[in-house]
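Scroll down for the structure; my scribbles are underneath it.
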Amino acid sequence: MGIKTGEEYLDSIRDNRSVWMQGNKVEDVTTEPGLNRGALTLAEFLDRQQNSQHLDSLTYEENGERFSTSFLIPKSADDVRKRGAAYYEWAKWSNGMFGRTPDYKNASVMAFSGAAGFLNENHSADSPADFAENMRSYYEEARANDYVLTHTLVNPQFNAQLAKEGLSSPEVALRVVDEKPDGIVVNGARLLATLGPHANEIEVFPSTLLRASEENTPYAFAFTIPIATSGLRLICRDTYDEGKSTFDAPLASRFEEMDAVVIFDNVLVPWERVFMYKDPLLCNRAFAETNAVVHMMHQVACGKLAKTEFIVGLLCAMAHASGKDNDINVKGQIAEAMWTAEIVRALLFSAEANAEEDQWGVWMPQRRPLDTSRNLFPKLYPKLIEAIHMLGSSSLMATPCEADFGNDIAADVERYFQLTNMESRDRVALFRLAHDVAVSGFGNRQVLYERFFFGPQNVMASIYYDLYDKDEMIGRVEDLLQSA
């Protein structure tokens with residue numbers, strides 16, 4: 001099949017999956033209010049892959065068939081930059097507000113396939129499966145079917161002390177409860193599958209560090225299965241798409257990428273879909289040593305650039321509408337947002353410009369700039385939102401709805417909501433957009449998402465410190481002291 005159309009995608013998720021939202025089982029995620037418009041947006045994005053304008057950048061050809069560029073295993077620095085350009089193009093379609101587009105997990109599957117030999121590092125003759133071959137086969141399957149993937153990494157916390165000790169709580173954590181000739185049986189829950197109700201399949205990989213002990217082996221695994229698998233249920237949060245028009249909720253009406261807790265009720269995972277098993281230390285090393293985390297960071301950095309550019313544009317439009325773009329203080333506030341955009345851009349450029357070949361023969365962007373970006377952005381994004389708050393002030397609340405331009409108070413709205421450089425309807429539309437970015441439930445979910453996207457900030461910073469090449473810099477200090 002290769003790249004799929006939007007309609008093919010919508011058909012593929014009409015599969016009687018078990019999705020629960022606001023107390024009810026969802027019969028069809030493509031028609032359910034609160035979920036359907038997110039599915040339609042994703043279908044529209046997939047259709048754009050077919051557009052001749054984007055065909056060469058968003059896809060690549062192999063053996064006469066077209067595949068998404070995010071599945072391209074890079075064999076040169078040019079391939080790395082081609083992947084980055086495709087990531088950025090996808091992100092611009094939502095201005096970074098639909099963060100979990102398919103290219104994110106495609107990057108992970110690509111990286112694990114390119115480094116599949118890692119998965120067989122401790123392979124034994126009595127192993128129930130060839131994990132490396134499983135991964136290569138799944139990569140071929142995923143790209144041939146243009147799967148939309150989600151993932152889930154974190155076990156629910158039941159006992160905080162156990163978590164600190166690198167152990168999982170059997171009361172809630174996803175674990176293997178049985179082995180059968182045709183696969184493993186898993187039971188428990190995982191957090192938090194963004195795009196879960198809209199995905200074809202779910203990637204269930206380890207993320208939290210597992211202590212190497214016998215009691216942790218039931219929690220050491222990696223696999224993928226269809227969302228529609230028997231025994232798998234998704235429990236959604238409240239939707240932020242409340243059915244408003246695109247004028248009244250310009251982001252929430254288009255880009256609701258629902259988050260869900262995933263319940264595995266004695267789910268059978270076929271051996272051919274298992275990629276790691278009973279090896280806690282291998283699981284701990286997987287994302288770093290396959291460089292999957294680097295390729296995923298690459299997609300993320302491209303998305304954050306598109307998102308920051310959008311917010312800079314929004315701030316400039318707000319300032320111009322009210323005539324505040326001549327105020328030196330306002331210029332200074334917006335300049336700080338511009339600096340954020342240029343920091344993210346420079347780090348992305350540095351990573352791609354210094355692309356290098358890894359131990360698996362796969363080319364990747366340089367890690368350190370991307371790691372810097374992913375550590376900085378969770379701190380910088382709330383400041384971008386604060387800038388919207390400070391500039392918008394009460395105007396973020398002075399936002400009548402679209403219907404008020406066609407009812408008995410339309411004349412009042414037309415007269416009293418205009419600005420120096422903008423008619424009332426355009427002003428209301430602009431500030432409703434700013435409200436959706438910075439005040440609404442949709443916007444505040446974005447802030448929470450950015451704060452914890454890759455994990456707790458203190459943990460991320462600690463990992464960054466450990467990975468940083470400090471010896472040369474310490475050596476310079478020591479050289480100076482010894483020369484005194």
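Ordering of the structure tokens sets the chain letters (A, B, ...); residue numbers start at 1 within each chain; ligands are numbered from 1 in the order shown.
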Margin query: Need to verify the contact set: Glu7 of chain A, 12 Å, only C-alpha atoms, exclusion of same-chain residues closer than 6 positions in sequence. Can you return it as JSON, numbers by chain?
Written below: {"A": [13, 14, 30, 39, 40, 41, 42, 43, 44, 45, 46, 47]}
Item checked: Spatial neighbours of segment 110-116 of chain A, max dist 8 Å, only C-alpha atoms, sep filter under 4 positions, as JSON, numbers by chain -> {"A": [70, 71, 72, 73, 106, 120, 131, 132, 133, 135, 136, 139, 290, 291, 292, 295, 360, 361, 362]}
Item checked: Nearby residues (only C-alpha atoms) at most 9 Å from Ile311 of chain A, same-chain spacing under 4 positions excluded, as a PyMOL selection string -> chain A and resi 95+306-307+315-316+337+384-385+388+434+437
May I have the residues from that selection written out with N, CA and C atoms, as a short mmCIF file (atom, residue, chain, number, x, y, z; two decimals), in the first residue's frame?
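Here's the written file part-v1.cif:
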```cif
data_model
loop_
_atom_site.label_atom_id
_atom_site.label_comp_id
_atom_site.auth_asym_id
_atom_site.auth_seq_id
_atom_site.Cartn_x
_atom_site.Cartn_y
_atom_site.Cartn_z
N ASN A 95 0.62 24.15 13.12
CA ASN A 95 1.45 25.10 13.87
C ASN A 95 1.91 24.50 15.20
N ALA A 306 8.08 25.03 14.76
CA ALA A 306 6.84 25.48 14.13
C ALA A 306 5.89 26.11 15.15
N LYS A 307 5.83 25.53 16.34
CA LYS A 307 4.94 26.02 17.39
C LYS A 307 5.39 27.39 17.89
N LEU A 315 1.65 36.84 18.71
CA LEU A 315 1.97 38.01 19.54
C LEU A 315 2.12 39.26 18.68
N CYS A 316 2.77 39.12 17.55
CA CYS A 316 2.94 40.28 16.66
C CYS A 316 1.60 40.76 16.12
N ALA A 337 10.14 36.15 22.96
CA ALA A 337 9.56 35.02 22.25
C ALA A 337 10.33 34.73 20.97
N LEU A 384 6.24 31.67 26.94
CA LEU A 384 5.54 32.11 25.73
C LEU A 384 4.06 32.35 26.03
N ILE A 385 3.49 31.44 26.80
CA ILE A 385 2.07 31.58 27.16
C ILE A 385 1.87 32.79 28.07
N ILE A 388 1.53 35.90 26.08
CA ILE A 388 0.18 36.09 25.54
C ILE A 388 -0.74 36.65 26.61
N ALA A 434 -6.05 33.50 20.46
CA ALA A 434 -5.12 33.67 21.59
C ALA A 434 -5.66 33.00 22.84
N VAL A 437 -5.07 29.31 22.66
CA VAL A 437 -3.67 28.98 22.89
C VAL A 437 -3.31 29.06 24.36
#
```
Item checked: All residues 10 Å or closer to Phe417 of chain A, only C-alpha atoms, same chain fewer than 2 positions away omitted, as a PyMOL selection string -> chain A and resi 395+398-400+412-415+419+422-428
Write the residues of the selection above to a file with C-alpha atoms, as a PDB file, in the first residue's frame.
```pdb
ATOM      1  CA  SER A 395      -9.032  41.173  25.730  1.00  0.00           C
ATOM      2  CA  ALA A 398     -13.677  40.096  25.792  1.00  0.00           C
ATOM      3  CA  THR A 399     -14.531  37.545  23.150  1.00  0.00           C
ATOM      4  CA  PRO A 400     -18.173  37.241  22.071  1.00  0.00           C
ATOM      5  CA  ASP A 412     -23.060  46.473  19.529  1.00  0.00           C
ATOM      6  CA  VAL A 413     -20.446  43.845  18.802  1.00  0.00           C
ATOM      7  CA  GLU A 414     -19.444  45.504  15.547  1.00  0.00           C
ATOM      8  CA  ARG A 415     -19.060  48.889  17.249  1.00  0.00           C
ATOM      9  CA  LEU A 419      -9.489  48.083  17.422  1.00  0.00           C
ATOM     10  CA  MET A 422      -8.689  45.812  13.048  1.00  0.00           C
ATOM     11  CA  GLU A 423     -12.414  45.433  12.484  1.00  0.00           C
ATOM     12  CA  SER A 424     -14.435  43.840  15.264  1.00  0.00           C
ATOM     13  CA  ARG A 425     -14.944  40.424  13.670  1.00  0.00           C
ATOM     14  CA  ASP A 426     -11.271  40.029  12.870  1.00  0.00           C
ATOM     15  CA  ARG A 427     -10.314  41.273  16.346  1.00  0.00           C
ATOM     16  CA  VAL A 428     -12.628  38.774  18.056  1.00  0.00           C
TER      17      VAL A 428
END
```
Note to self: Please list as a PyMOL selection string every residue within 12 Å of His435 of chain A, counting only C-alpha atoms and excluding residues in the same chain fewer than 5 positions away.
What the structure shows: chain A and resi 247-252+314+318+385-386+388-389+391-400+428-430+440-444
Next item on the list: Write out as JSON, numbers by chain the residues lying within 8 Å of segment 263-280 of chain A, counting only C-alpha atoms and excluding same-chain residues fewer than 6 positions away.
Entry: {"A": [119, 128, 129, 131, 132, 134, 135, 138, 174, 177, 182, 183, 184, 185, 186, 187, 188, 189, 190, 210, 211, 212, 213, 216, 217, 218, 219, 220, 221, 222, 223, 224, 225, 229, 230, 231, 232, 233, 234, 235]}
Just to be explicit: take each residue in the selection above, keep C-alpha atoms, and write the result as a CSV table (one decimal), in the first residue's frame.
```
chain,number,residue,atom,x,y,z
A,119,LEU,CA,17.6,-6.5,20.4
A,128,PRO,CA,10.8,-18.0,22.0
A,129,ALA,CA,11.4,-15.4,19.3
A,131,PHE,CA,13.5,-10.2,18.4
A,132,ALA,CA,15.7,-8.5,15.8
A,134,ASN,CA,10.5,-9.3,14.6
A,135,MET,CA,11.5,-5.7,14.6
A,138,TYR,CA,7.3,-4.9,11.9
A,174,LEU,CA,1.5,-3.7,33.2
A,177,VAL,CA,1.2,-12.9,33.8
A,182,ASP,CA,1.7,-18.3,20.7
A,183,GLY,CA,2.7,-15.3,22.8
A,184,ILE,CA,2.8,-13.6,26.2
A,185,VAL,CA,-0.2,-12.5,28.2
A,186,VAL,CA,-0.1,-9.1,29.8
A,187,ASN,CA,-2.3,-7.5,32.4
A,188,GLY,CA,-2.3,-4.0,34.0
A,189,ALA,CA,-2.4,-0.4,32.9
A,190,ARG,CA,-0.1,2.1,31.2
A,210,LEU,CA,14.1,-1.2,35.8
A,211,ARG,CA,16.4,-2.7,38.5
A,212,ALA,CA,18.1,-5.8,37.2
A,213,SER,CA,16.4,-8.4,39.5
A,216,ASN,CA,11.4,-7.1,37.6
A,217,THR,CA,11.5,-9.6,34.7
A,218,PRO,CA,7.7,-9.6,34.3
A,219,TYR,CA,7.9,-5.8,33.6
A,220,ALA,CA,10.7,-6.1,31.1
A,221,PHE,CA,9.3,-6.2,27.6
A,222,ALA,CA,8.6,-4.3,24.4
A,223,PHE,CA,5.8,-5.0,21.8
A,224,THR,CA,3.2,-3.6,19.5
A,225,ILE,CA,-0.4,-4.6,19.0
A,229,THR,CA,-7.0,-6.1,20.2
A,230,SER,CA,-9.3,-8.1,22.5
A,231,GLY,CA,-8.9,-7.1,26.1
A,232,LEU,CA,-7.4,-3.7,25.4
A,233,ARG,CA,-9.4,-0.7,26.6
A,234,LEU,CA,-8.8,3.1,26.4
A,235,ILE,CA,-10.2,5.4,29.1
```
Notebook entry, point to check: Which residue, A:Arg175, A:Arg445, A:Arg368, A:Arg237, has the smallest gap to Glu215 of chain A when you use only C-alpha atoms?
Noted result: A:Arg175
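Across A:Leu281, A:Met97, A:Leu191, A:Leu149, the tightest approach to Ala438 of chain A is made by A:Met97 when counting only C-alpha atoms.
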Check: Got a sec: who's within 10 Å of Ala319 of chain A, counting only C-alpha atoms, leaving out chain neighbours fewer than 4 positions off, as a ChimeraX atom specification?
Finding: /A:313-315,323-327,330-331,334,391-392,421
Check: What is the atom CA of Pro378 of chain A to atom CA of Arg451 of chain A distance in Å?
Finding: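 Result for atom CA of Pro378 of chain A versus atom CA of Arg451 of chain A: 4.5 Å, one decimal.
Distance annotation: of A:Pro74, A:Gly406, A:Gly99, A:Pro197, the residue with the minimal separation from Phe453 of chain A is A:Gly99; atom set is only C-alpha atoms.
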